[in-house]
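Here's model-v1.txt, which has compact mmCIF, C-alpha atoms and all ligand atoms:
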# COMPACT_ATOMS: atom_id res chain seq x y z
CA MET E 1 -21.87 -50.08 -8.86
CA MET E 2 -21.83 -48.29 -5.56
CA ASN E 3 -18.42 -46.90 -4.70
CA THR E 4 -17.64 -46.80 -0.99
CA ALA E 5 -13.88 -46.34 -1.33
CA PRO E 6 -12.36 -43.71 0.98
CA VAL E 7 -12.30 -40.09 -0.12
CA VAL E 8 -9.02 -38.36 0.68
CA VAL E 9 -8.91 -34.57 0.49
CA ILE E 10 -5.53 -32.84 0.69
CA ALA E 11 -5.95 -29.09 0.95
CA LEU E 12 -2.88 -27.05 0.04
CA ASP E 13 -3.49 -23.48 1.15
CA GLY E 14 -2.65 -20.76 -1.35
CA VAL E 15 -0.94 -23.01 -3.91
CA PRO E 16 -1.28 -21.59 -7.43
CA PHE E 17 -2.07 -23.76 -10.44
CA SER E 18 0.73 -22.01 -12.30
CA LEU E 19 3.24 -22.83 -9.55
CA LEU E 20 2.46 -26.56 -9.71
CA LYS E 21 2.66 -26.45 -13.49
CA GLY E 22 6.15 -24.98 -13.13
CA PHE E 23 7.14 -27.73 -10.69
CA PHE E 24 5.89 -30.44 -13.03
CA GLU E 25 7.81 -28.92 -15.95
CA ARG E 26 10.99 -28.95 -13.87
CA GLY E 27 10.43 -32.57 -12.88
CA LYS E 28 9.50 -31.69 -9.30
CA MET E 29 6.59 -33.11 -7.26
CA PRO E 30 6.53 -36.43 -9.16
CA ARG E 31 3.93 -38.09 -6.93
CA LEU E 32 1.46 -35.24 -7.30
CA LYS E 33 2.05 -35.23 -11.05
CA GLN E 34 1.42 -38.97 -11.13
CA LEU E 35 -1.88 -38.46 -9.32
CA ALA E 36 -2.83 -35.69 -11.73
CA GLY E 37 -2.14 -38.15 -14.55
CA ARG E 38 -4.72 -40.55 -13.12
CA GLY E 39 -7.42 -37.88 -13.35
CA ALA E 40 -7.24 -34.21 -14.16
CA PHE E 41 -5.26 -31.13 -13.21
CA LYS E 42 -6.99 -27.82 -13.76
CA GLU E 43 -7.22 -24.21 -12.72
CA ILE E 44 -10.14 -23.16 -10.54
CA VAL E 45 -11.12 -19.82 -8.99
CA SER E 46 -11.59 -18.81 -5.37
CA VAL E 47 -14.41 -16.83 -3.79
CA GLN E 48 -14.59 -13.04 -3.64
CA PRO E 49 -12.72 -11.76 -1.66
CA PRO E 50 -10.23 -14.66 -1.95
CA LEU E 51 -9.49 -15.38 1.70
CA SER E 52 -8.90 -18.75 3.33
CA ALA E 53 -11.79 -18.54 5.81
CA PRO E 54 -14.62 -17.90 3.30
CA ALA E 55 -13.01 -20.13 0.67
CA TRP E 56 -12.67 -23.21 2.91
CA ALA E 57 -16.11 -22.53 4.39
CA SER E 58 -17.33 -22.72 0.78
CA PHE E 59 -15.57 -26.03 0.29
CA LEU E 60 -17.01 -27.41 3.53
CA THR E 61 -20.58 -26.32 2.79
CA GLY E 62 -20.59 -26.47 -1.01
CA GLY E 63 -22.10 -22.98 -1.15
CA PRO E 64 -20.92 -19.39 -1.79
CA PRO E 65 -20.03 -17.02 1.08
CA HIS E 66 -23.41 -15.29 1.11
CA GLU E 67 -25.00 -18.66 1.87
CA HIS E 68 -22.63 -19.86 4.59
CA GLY E 69 -22.05 -16.38 6.02
CA ILE E 70 -18.26 -16.27 6.42
CA LEU E 71 -16.92 -13.31 4.44
CA SER E 72 -13.53 -12.61 6.03
CA PHE E 73 -11.48 -12.89 9.23
CA THR E 74 -13.08 -9.86 10.80
CA GLU E 75 -16.70 -8.79 10.96
CA ARG E 76 -18.36 -5.93 12.75
CA ASP E 77 -21.70 -5.77 14.46
CA ALA E 78 -23.35 -2.68 12.98
CA ARG E 79 -25.40 -1.92 16.11
CA SER E 80 -22.51 -2.08 18.58
CA LEU E 81 -19.54 -1.49 16.24
CA ASN E 82 -17.75 -4.35 17.98
CA TRP E 83 -15.35 -6.49 15.98
CA TYR E 84 -15.43 -10.27 16.04
CA THR E 85 -13.76 -13.19 14.29
CA PRO E 86 -16.33 -15.38 12.57
CA ASN E 87 -15.92 -19.12 13.16
CA ALA E 88 -17.75 -22.41 12.68
CA ALA E 89 -20.44 -21.30 15.12
CA HIS E 90 -21.40 -18.56 12.60
CA LEU E 91 -21.82 -20.96 9.66
CA ARG E 92 -25.36 -20.90 8.34
CA ARG E 93 -25.02 -24.20 6.47
CA PRO E 94 -23.98 -27.65 7.70
CA THR E 95 -20.50 -28.81 6.71
CA LEU E 96 -19.48 -31.91 4.81
CA LEU E 97 -18.07 -33.26 8.11
CA GLN E 98 -21.41 -32.89 9.88
CA LYS E 99 -23.48 -34.22 7.00
CA LEU E 100 -21.29 -37.31 6.61
CA SER E 101 -21.32 -37.90 10.37
CA ASP E 102 -25.12 -37.77 10.29
CA ARG E 103 -25.01 -40.59 7.75
CA GLY E 104 -22.83 -42.67 10.00
CA LYS E 105 -19.64 -42.15 7.98
CA ARG E 106 -16.27 -41.99 9.74
CA VAL E 107 -14.68 -38.60 9.25
CA PHE E 108 -11.22 -37.19 9.96
CA SER E 109 -10.40 -33.49 9.61
CA MET E 110 -7.08 -31.86 10.41
CA ASN E 111 -6.21 -28.16 10.34
CA VAL E 112 -9.10 -27.10 8.08
CA PRO E 113 -9.94 -23.39 8.59
CA VAL E 114 -13.38 -22.63 10.06
CA THR E 115 -13.62 -25.93 11.95
CA TYR E 116 -13.29 -24.16 15.30
CA PRO E 117 -15.22 -24.65 17.54
CA PRO E 118 -15.15 -28.33 16.52
CA GLY E 119 -18.47 -30.06 15.90
CA LYS E 120 -19.34 -33.34 17.58
CA ILE E 121 -18.63 -35.44 14.52
CA ASN E 122 -18.41 -39.17 14.01
CA GLY E 123 -14.65 -39.12 13.97
CA ILE E 124 -11.91 -36.63 14.83
CA SER E 125 -11.69 -32.90 14.15
CA ILE E 126 -8.50 -30.94 14.86
CA CYS E 127 -9.02 -27.22 14.31
CA GLY E 128 -7.06 -24.98 11.96
CA PHE E 129 -5.35 -21.62 12.38
CA LEU E 130 -8.41 -19.67 13.54
CA GLY E 131 -8.75 -21.87 16.63
CA PRO E 132 -7.18 -20.55 19.86
CA ASP E 133 -5.55 -23.78 21.13
CA LEU E 134 -5.74 -27.56 21.10
CA ASP E 135 -7.67 -27.72 24.38
CA GLN E 136 -10.63 -25.95 22.82
CA GLY E 137 -10.07 -26.90 19.20
CA VAL E 138 -10.16 -30.70 19.14
CA TYR E 139 -13.03 -33.18 19.11
CA PRO E 140 -13.12 -35.55 20.88
CA PRO E 141 -11.08 -33.93 23.68
CA SER E 142 -9.60 -37.35 24.46
CA GLU E 143 -7.23 -36.76 21.49
CA VAL E 144 -5.70 -33.65 23.07
CA PRO E 145 -3.13 -35.40 25.33
CA PHE E 146 -1.74 -37.36 22.37
CA LEU E 147 -1.47 -34.23 20.21
CA LYS E 148 0.19 -32.26 22.99
CA SER E 149 2.63 -35.01 23.89
CA SER E 150 3.54 -35.22 20.19
CA ALA E 151 4.27 -31.46 20.18
CA TYR E 152 1.68 -30.98 17.42
CA ARG E 153 1.08 -27.29 16.65
CA ILE E 154 -1.86 -25.58 14.98
CA ASP E 155 0.27 -23.00 13.20
CA SER E 156 3.77 -21.64 12.73
CA ASP E 157 4.87 -18.42 14.43
CA VAL E 158 4.00 -15.77 11.85
CA ASN E 159 5.33 -12.96 14.05
CA LEU E 160 8.75 -14.54 13.78
CA ALA E 161 8.72 -13.85 10.04
CA LYS E 162 8.64 -10.12 10.75
CA LYS E 163 11.82 -10.33 12.85
CA ASP E 164 13.89 -13.21 11.50
CA LEU E 165 12.95 -14.85 8.19
CA GLY E 166 15.49 -17.67 8.58
CA ALA E 167 14.13 -18.64 12.01
CA PHE E 168 10.58 -18.44 10.65
CA LEU E 169 11.38 -20.79 7.76
CA GLU E 170 12.91 -23.25 10.21
CA ASP E 171 9.79 -23.03 12.35
CA LEU E 172 7.64 -23.58 9.26
CA HIS E 173 9.41 -26.87 8.57
CA THR E 174 9.07 -27.95 12.20
CA VAL E 175 5.31 -27.38 12.12
CA LEU E 176 4.92 -29.01 8.69
CA ASP E 177 6.98 -32.10 9.64
CA LYS E 178 4.86 -32.61 12.72
CA ARG E 179 1.60 -32.07 10.87
CA LEU E 180 2.50 -34.66 8.24
CA GLU E 181 3.72 -37.11 10.86
CA ILE E 182 0.48 -36.84 12.87
CA ALA E 183 -1.63 -37.01 9.70
CA ARG E 184 0.12 -40.28 8.79
CA HIS E 185 -0.56 -41.60 12.28
CA TYR E 186 -4.29 -40.93 11.99
CA ALA E 187 -4.47 -42.21 8.42
CA LEU E 188 -3.22 -45.60 9.64
CA ARG E 189 -5.30 -45.68 12.79
CA GLU E 190 -8.53 -46.74 11.09
CA ARG E 191 -10.34 -46.77 7.79
CA TRP E 192 -11.91 -43.36 7.28
CA ASP E 193 -14.72 -42.62 4.82
CA LEU E 194 -13.43 -39.05 4.54
CA PHE E 195 -9.88 -38.12 5.44
CA MET E 196 -9.17 -34.41 5.04
CA VAL E 197 -5.91 -32.70 5.89
CA HIS E 198 -5.16 -29.03 5.30
CA ILE E 199 -1.61 -27.74 4.93
CA MET E 200 -1.18 -24.08 5.84
CA GLU E 201 2.59 -23.88 5.53
CA THR E 202 2.49 -23.31 1.76
CA ASP E 203 0.44 -20.13 2.19
CA ARG E 204 2.61 -18.96 5.08
CA LEU E 205 5.75 -19.48 2.99
CA HIS E 206 4.35 -17.50 0.06
CA HIS E 207 3.30 -14.48 2.11
CA PHE E 208 6.90 -13.73 3.09
CA THR E 209 8.92 -15.03 0.13
CA TYR E 210 6.84 -15.00 -3.04
CA GLU E 211 8.56 -11.98 -4.58
CA SER E 212 12.06 -13.47 -4.49
CA PHE E 213 10.75 -16.85 -5.65
CA ARG E 214 9.01 -15.31 -8.66
CA ARG E 215 12.11 -13.25 -9.39
CA GLY E 216 13.97 -16.54 -9.80
CA ASP E 217 16.23 -16.23 -6.76
CA GLY E 218 18.21 -19.50 -6.69
CA ASP E 219 18.23 -19.92 -2.90
CA MET E 220 14.52 -19.33 -2.77
CA ILE E 221 13.81 -21.84 -5.53
CA ARG E 222 15.78 -24.46 -3.59
CA LEU E 223 13.82 -23.57 -0.48
CA TYR E 224 10.52 -24.03 -2.32
CA ASP E 225 11.72 -27.33 -3.82
CA ASP E 226 12.58 -28.48 -0.32
CA LEU E 227 9.24 -27.62 1.31
CA TYR E 228 7.12 -28.75 -1.63
CA GLY E 229 9.22 -31.91 -1.86
CA LYS E 230 8.09 -32.83 1.65
CA VAL E 231 4.48 -32.22 0.69
CA ASP E 232 4.94 -34.38 -2.41
CA ARG E 233 6.43 -37.29 -0.45
CA PHE E 234 3.47 -37.05 1.95
CA ILE E 235 1.03 -37.20 -0.99
CA GLY E 236 2.88 -40.25 -2.32
CA TRP E 237 2.71 -41.87 1.11
CA MET E 238 -1.05 -41.24 1.27
CA VAL E 239 -1.52 -42.89 -2.13
CA ASP E 240 0.65 -45.87 -1.14
CA ASN E 241 -1.14 -46.35 2.16
CA HIS E 242 -4.72 -46.20 0.92
CA PRO E 243 -6.66 -48.82 -1.03
CA GLU E 244 -6.06 -48.60 -4.75
CA ASP E 245 -9.62 -47.48 -5.50
CA SER E 246 -9.45 -44.55 -3.02
CA ARG E 247 -10.72 -41.29 -4.41
CA PHE E 248 -8.33 -38.36 -4.17
CA VAL E 249 -9.18 -34.66 -4.30
CA LEU E 250 -6.39 -32.10 -3.93
CA LEU E 251 -7.02 -28.39 -4.16
CA SER E 252 -6.03 -24.91 -3.08
CA ASP E 253 -8.32 -22.13 -1.93
CA HIS E 254 -6.82 -19.23 -3.89
CA GLY E 255 -3.89 -18.28 -6.08
CA PHE E 256 -0.93 -16.11 -5.14
CA THR E 257 0.65 -13.04 -6.61
CA VAL E 258 3.54 -10.72 -5.75
CA LEU E 259 2.46 -7.99 -3.34
CA LYS E 260 3.55 -4.66 -4.75
CA ARG E 261 2.12 -2.38 -2.10
CA GLU E 262 -0.39 -2.34 0.74
CA ILE E 263 -3.06 0.32 0.36
CA TYR E 264 -4.81 1.61 3.47
CA LEU E 265 -8.37 2.33 2.41
CA ASN E 266 -9.36 3.95 5.71
CA HIS E 267 -6.49 6.41 5.22
CA TRP E 268 -7.90 7.19 1.77
CA LEU E 269 -11.45 7.62 3.16
CA TRP E 270 -10.04 9.92 5.83
CA GLN E 271 -8.01 11.89 3.27
CA GLN E 272 -11.09 12.30 1.08
CA GLY E 273 -13.22 13.54 3.99
CA TYR E 274 -15.48 10.50 4.32
CA LEU E 275 -14.01 9.29 7.60
CA ARG E 276 -13.15 11.12 10.84
CA PHE E 277 -11.93 9.87 14.18
CA THR E 278 -12.47 10.77 17.83
CA HIS E 279 -8.94 9.68 18.76
CA PRO E 280 -5.58 10.68 17.27
CA ARG E 281 -4.62 6.99 16.88
CA PRO E 282 -7.94 5.19 16.45
CA ALA E 283 -7.69 1.54 17.43
CA ASN E 284 -11.21 0.26 16.90
CA LEU E 285 -14.54 1.14 15.30
CA HIS E 286 -15.69 2.96 18.46
CA HIS E 287 -13.14 5.64 17.58
CA ILE E 288 -14.99 6.53 14.38
CA HIS E 289 -16.53 10.00 14.60
CA ALA E 290 -20.32 10.16 14.23
CA ASP E 291 -19.84 12.59 11.30
CA SER E 292 -18.18 9.86 9.21
CA ARG E 293 -19.89 8.63 6.06
CA ALA E 294 -17.96 5.43 5.34
CA TYR E 295 -15.32 3.05 6.69
CA SER E 296 -13.60 -0.07 5.47
CA LEU E 297 -12.76 -3.57 6.67
CA TYR E 298 -10.24 -5.96 5.12
CA PRO E 299 -10.06 -6.50 2.20
CA GLY E 300 -11.72 -3.67 0.32
CA ARG E 301 -15.08 -4.01 2.06
CA ILE E 302 -16.69 -0.61 2.44
CA TYR E 303 -19.56 0.18 4.79
CA ILE E 304 -21.69 3.29 4.54
CA ASN E 305 -22.39 4.88 7.94
CA LEU E 306 -26.08 4.49 7.34
CA SER E 307 -28.62 5.96 9.70
CA GLY E 308 -30.87 3.33 11.29
CA ARG E 309 -28.34 0.58 10.64
CA GLU E 310 -24.97 1.67 12.06
CA LYS E 311 -24.53 2.59 15.71
CA ASN E 312 -23.76 6.24 14.92
CA GLY E 313 -25.23 6.24 11.41
CA ARG E 314 -25.69 9.63 9.74
CA VAL E 315 -26.13 8.93 6.01
CA THR E 316 -29.85 8.96 5.19
CA ALA E 317 -31.54 6.34 3.03
CA GLY E 318 -32.04 9.09 0.43
CA GLU E 319 -28.30 9.84 0.29
CA TYR E 320 -27.25 6.20 0.26
CA GLU E 321 -27.23 5.43 -3.47
CA HIS E 322 -25.67 8.74 -4.40
CA LEU E 323 -22.86 8.16 -1.91
CA ARG E 324 -22.25 4.65 -3.23
CA HIS E 325 -21.89 6.03 -6.78
CA GLU E 326 -19.62 8.83 -5.63
CA LEU E 327 -17.36 6.45 -3.70
CA THR E 328 -17.25 4.07 -6.65
CA ASP E 329 -16.21 6.83 -9.06
CA ARG E 330 -13.58 8.24 -6.74
CA LEU E 331 -12.13 4.86 -5.79
CA LEU E 332 -11.56 4.17 -9.47
CA THR E 333 -9.33 7.25 -9.62
CA LEU E 334 -7.19 6.09 -6.67
CA ARG E 335 -3.53 5.92 -7.80
CA ASP E 336 -0.45 4.27 -6.43
CA PRO E 337 1.37 7.24 -4.79
CA VAL E 338 4.75 5.88 -5.90
CA ASP E 339 4.28 5.14 -9.62
CA GLY E 340 0.86 6.61 -10.35
CA ARG E 341 -0.70 3.35 -11.52
CA PRO E 342 -4.40 2.77 -10.91
CA VAL E 343 -5.01 0.67 -7.79
CA ILE E 344 -8.67 -0.28 -8.05
CA LYS E 345 -9.82 -2.58 -10.85
CA GLU E 346 -13.51 -2.46 -10.05
CA VAL E 347 -15.94 -1.55 -7.31
CA LEU E 348 -18.78 -3.99 -6.89
CA PRO E 349 -22.06 -3.19 -5.15
CA GLY E 350 -22.52 -5.53 -2.18
CA GLU E 351 -25.64 -7.09 -3.63
CA SER E 352 -23.81 -8.19 -6.79
CA VAL E 353 -21.25 -10.14 -4.75
CA TYR E 354 -23.55 -11.34 -2.02
CA ALA E 355 -26.65 -11.85 -4.11
CA ALA E 356 -28.69 -12.76 -1.10
CA VAL E 357 -30.27 -9.61 0.06
CA GLU E 358 -32.20 -6.60 -1.14
CA LEU E 359 -30.03 -3.70 -0.03
CA THR E 360 -33.00 -1.44 0.57
CA ALA E 361 -34.24 -3.76 3.30
CA LEU E 362 -32.91 -1.61 6.11
CA HIS E 363 -34.28 -3.81 8.88
CA ASP E 364 -33.21 -7.09 7.35
CA PRO E 365 -30.44 -8.35 9.67
CA LEU E 366 -28.54 -9.60 6.63
CA PHE E 367 -28.43 -6.09 5.20
CA SER E 368 -26.37 -4.88 8.14
CA PHE E 369 -24.00 -7.82 7.66
CA TYR E 370 -22.87 -7.38 4.04
CA PRO E 371 -20.58 -4.56 2.90
CA ASP E 372 -22.19 -1.86 0.76
CA LEU E 373 -19.29 -1.92 -1.70
CA LEU E 374 -16.44 -4.28 -2.44
CA ALA E 375 -13.35 -2.65 -3.95
CA VAL E 376 -11.34 -5.14 -6.01
CA ALA E 377 -7.73 -4.14 -6.58
CA HIS E 378 -5.44 -4.77 -9.52
CA PRO E 379 -3.07 -7.67 -8.80
CA GLY E 380 -0.35 -6.64 -6.38
CA TYR E 381 -2.35 -4.17 -4.28
CA ASP E 382 -3.55 -5.43 -0.91
CA LEU E 383 -6.45 -3.31 0.39
CA LYS E 384 -5.82 -3.28 4.12
CA GLY E 385 -8.56 -2.61 6.67
CA ILE E 386 -6.47 -1.23 9.53
CA LEU E 387 -8.26 1.84 10.85
CA TRP E 388 -5.26 4.10 11.08
CA HIS E 389 -2.07 4.20 9.09
CA PRO E 390 -0.07 7.41 8.62
CA GLU E 391 0.45 6.77 4.88
CA LEU E 392 -1.87 5.82 2.05
CA ALA E 393 0.48 3.07 0.90
CA ALA E 394 3.43 1.10 2.21
CA LYS E 395 5.61 -1.86 1.44
CA THR E 396 5.98 -4.17 4.44
CA VAL E 397 7.51 -7.55 5.22
CA TYR E 398 4.64 -9.20 3.32
CA ASN E 399 5.59 -9.66 -0.32
CA GLY E 400 3.01 -12.19 -1.52
CA MET E 401 -0.76 -11.85 -1.50
CA HIS E 402 -3.82 -13.90 -2.42
CA GLY E 403 -5.33 -13.93 -5.89
CA PHE E 404 -8.85 -14.86 -7.02
CA ASP E 405 -7.67 -16.83 -10.06
CA ASP E 406 -5.04 -19.52 -10.40
CA ALA E 407 -6.11 -21.93 -7.63
CA PHE E 408 -5.75 -25.59 -8.57
CA LEU E 409 -7.69 -28.84 -8.52
CA ILE E 410 -6.33 -32.35 -8.99
CA SER E 411 -8.67 -35.29 -8.67
CA THR E 412 -8.85 -38.94 -9.65
CA GLU E 413 -12.63 -38.39 -9.95
CA SER E 414 -13.59 -37.18 -13.39
CA ALA E 415 -16.99 -35.88 -12.23
CA VAL E 416 -15.37 -33.63 -9.65
CA CYS E 417 -12.99 -32.22 -12.25
CA GLN E 418 -15.50 -31.79 -15.05
CA ARG E 419 -18.13 -30.04 -12.95
CA SER E 420 -15.84 -27.77 -10.93
CA GLY E 421 -14.78 -24.28 -11.92
CA SER E 422 -14.43 -22.94 -8.39
CA ILE E 423 -13.74 -24.10 -4.85
CA VAL E 424 -17.49 -23.80 -4.20
CA ASP E 425 -18.15 -26.37 -6.94
CA VAL E 426 -15.47 -28.73 -5.60
CA GLY E 427 -17.16 -28.75 -2.18
CA ARG E 428 -20.50 -29.54 -3.79
CA GLU E 429 -19.01 -32.29 -5.99
CA VAL E 430 -17.15 -33.99 -3.14
CA TRP E 431 -20.47 -34.17 -1.30
CA ALA E 432 -22.04 -35.56 -4.48
CA LEU E 433 -19.52 -38.44 -4.42
CA PHE E 434 -21.14 -39.58 -1.17
CA ASP E 435 -24.66 -38.87 -2.45
CA GLU E 436 -24.10 -41.19 -5.38
CA GLU E 437 -22.59 -43.71 -3.06
CA ASP E 438 -25.77 -43.84 -0.99
CA GLY E 439 -27.99 -43.97 -4.06
CA VAL E 440 -29.24 -40.40 -3.73
CA PRO E 441 -29.74 -38.92 -7.21
CA ALA E 442 -27.30 -36.08 -7.93
ZN ZN X 501 -2.77 -16.37 3.14
Can the structure from this file be put into structure tokens for me?
Ligand SMILES: [Zn+2]
Amino acid sequence: MMNTAPVVVIALDGVPFSLLKGFFERGKMPRLKQLAGRGAFKEIVSVQPPLSAPAWASFLTGGPPHEHGILSFTERDARSLNWYTPNAAHLRRPTLLQKLSDRGKRVFSMNVPVTYPPGKINGISICGFLGPDLDQGVYPPSEVPFLKSSAYRIDSDVNLAKKDLGAFLEDLHTVLDKRLEIARHYALRERWDLFMVHIMETDRLHHFTYESFRRGDGDMIRLYDDLYGKVDRFIGWMVDNHPEDSRFVLLSDHGFTVLKREIYLNHWLWQQGYLRFTHPRPANLHHIHADSRAYSLYPGRIYINLSGREKNGRVTAGEYEHLRHELTDRLLTLRDPVDGRPVIKEVLPGESVYAAVELTALHDPLFSFYPDLLAVAHPGYDLKGILWHPELAAKTVYNGMHGFDDAFLISTESAVCQRSGSIVDVGREVWALFDEEDGVPA
């Protein structure tokens, strides 16, 4: 029989499978555990590199990053060497929200990354953390006055974490409380075919506290119990306030691991003689000297300064493969300057990650878009893309970082669970729930 019950997606950014398992074992998050008991609870993987923007874009489009075209937070235009932040306007595939709207379904989306600028959907879209403000980030704009008068905020103040952790944690709760309150308001306002809410505060919490939590610090464990307890009560409320046959999908976009040290790959390229600058404190890609042979963008994406492709390219097509091999070999010898441990786990050629393009196709616009190499670090090393840093490595206020493995999926829908090994699959399977509903063969 056709199932037209609402689909509720609760996206918990950066929540590891192993963390939830630990909560369940300690008797925490009872409502989420209950929901898991109705279906399945499993580990899934993220996308490579495991960042929120490409991962949620994969959920929204049901395809890998090389299909939807969002690879990170920062991209560069090879011809101009200008930086830009990719957003929904750069997506090469339609999203679940658009496709459902086209079918006349009512759709609600709150705080999901890569939904700015908001599409004209059949419902309401409130942008996530990559959107500049509510005025530009909400569709329809008639919802903006209500959100503003409710003091709804897109994100917590991350800069506060660098100055005053206590004040930041307080701010995190303020933003979370408001988000959950406004989500409840919209959930009751009408019957939605798809209701999707994304919670960023879990990821934000982990970035600044994950080390002490994993160490077993008692205060930190209480703090996690507190914040996750709120999320659990919200999940319970959503279950209680939706029809019994509603279909629930809860997932995270990546795992989390303790951040041991940040590694500045552009410093390494400079040290090794591959990268030179025209300014003593280079601030952007225009300050890269024309003699440079390679540079890097976050995280671990390496671009060869290829002639005919890059603005000031000097590496010839004949030198290209040799240089890629040389960089690969040398990156694998990169050691943590403090304890001598190897930093790089593997170096992947761009075409093996983004299997969309023949890398010899110099004039293919896609070729200039993908990195030539992707360095993947051992857990704990964050491969930063900042152009200039005086050291090769440093420990900063960030003590948690994303991981490719250990994301989670909980769903009352057995098909979604059985067929999903990654966030890409989950996006495809959620779409399939609606396909089946409308009698379209899967
Ligand atoms: Zn994060």
Please extract the residues at most 7 Å from ligand ZN 501 (chain X), counting all atoms listed in the file, and provide them as a list in words, using the chain letters and residue numbers of this document.
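Taking all atoms listed in the file into account, the residues around ligand ZN 501 (chain X) at most 7 Å away are Gly14, Leu51, Ser52, Asp203, Arg204, His207, Met401 and His402 of chain E.
Using only C-alpha atoms, the contacts of Arg106 of chain E at a cut-off of 10 Å, with sequence neighbours closer than 5 positions omitted, comprise Pro6, Leu97, Leu100, Ser101, Ile121, Asn122, Gly123, Ile124, Glu190, Arg191, Trp192, Asp193, Leu194 and Phe195 of chain E.
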Nearest residue to Leu19 of chain E from the set E:Val239, E:Ala407, E:Val424, E:Ile199 (distances using all atoms listed in the file)
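Closest candidate: E:Ala407.
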Provide the atom CA of Leu169 of chain E to atom CA of Ile410 of chain E distance in Å, to one decimal place.
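A separation of 27.0 Å between them.
Atom CA of Val376 of chain E sits 29.7 Å away from atom CA of Asp217 of chain E.
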Which distance in Å separates atom CA of Thr202 of chain E and atom CA of Ser46 of chain E, to one decimal?
16.4 Å
Please provide the set of residues having any atom within 12 Å of Ser296 of chain E, restricted to all atoms listed in the file, with same-chain residues fewer than 4 positions apart removed, written as a PyMOL selection string.
chain E and resi 74-76+263-270+274-275+284-285+288+292+300-305+327+370-375+383-388
If you count all atoms listed in the file, which residues fall within 10 Å of Val249 of chain E, apart from same-chain ones fewer than 5 positions away, as a ChimeraX atom specification?
/E:7-11,35-36,39,196,409-413,416-417,426,430
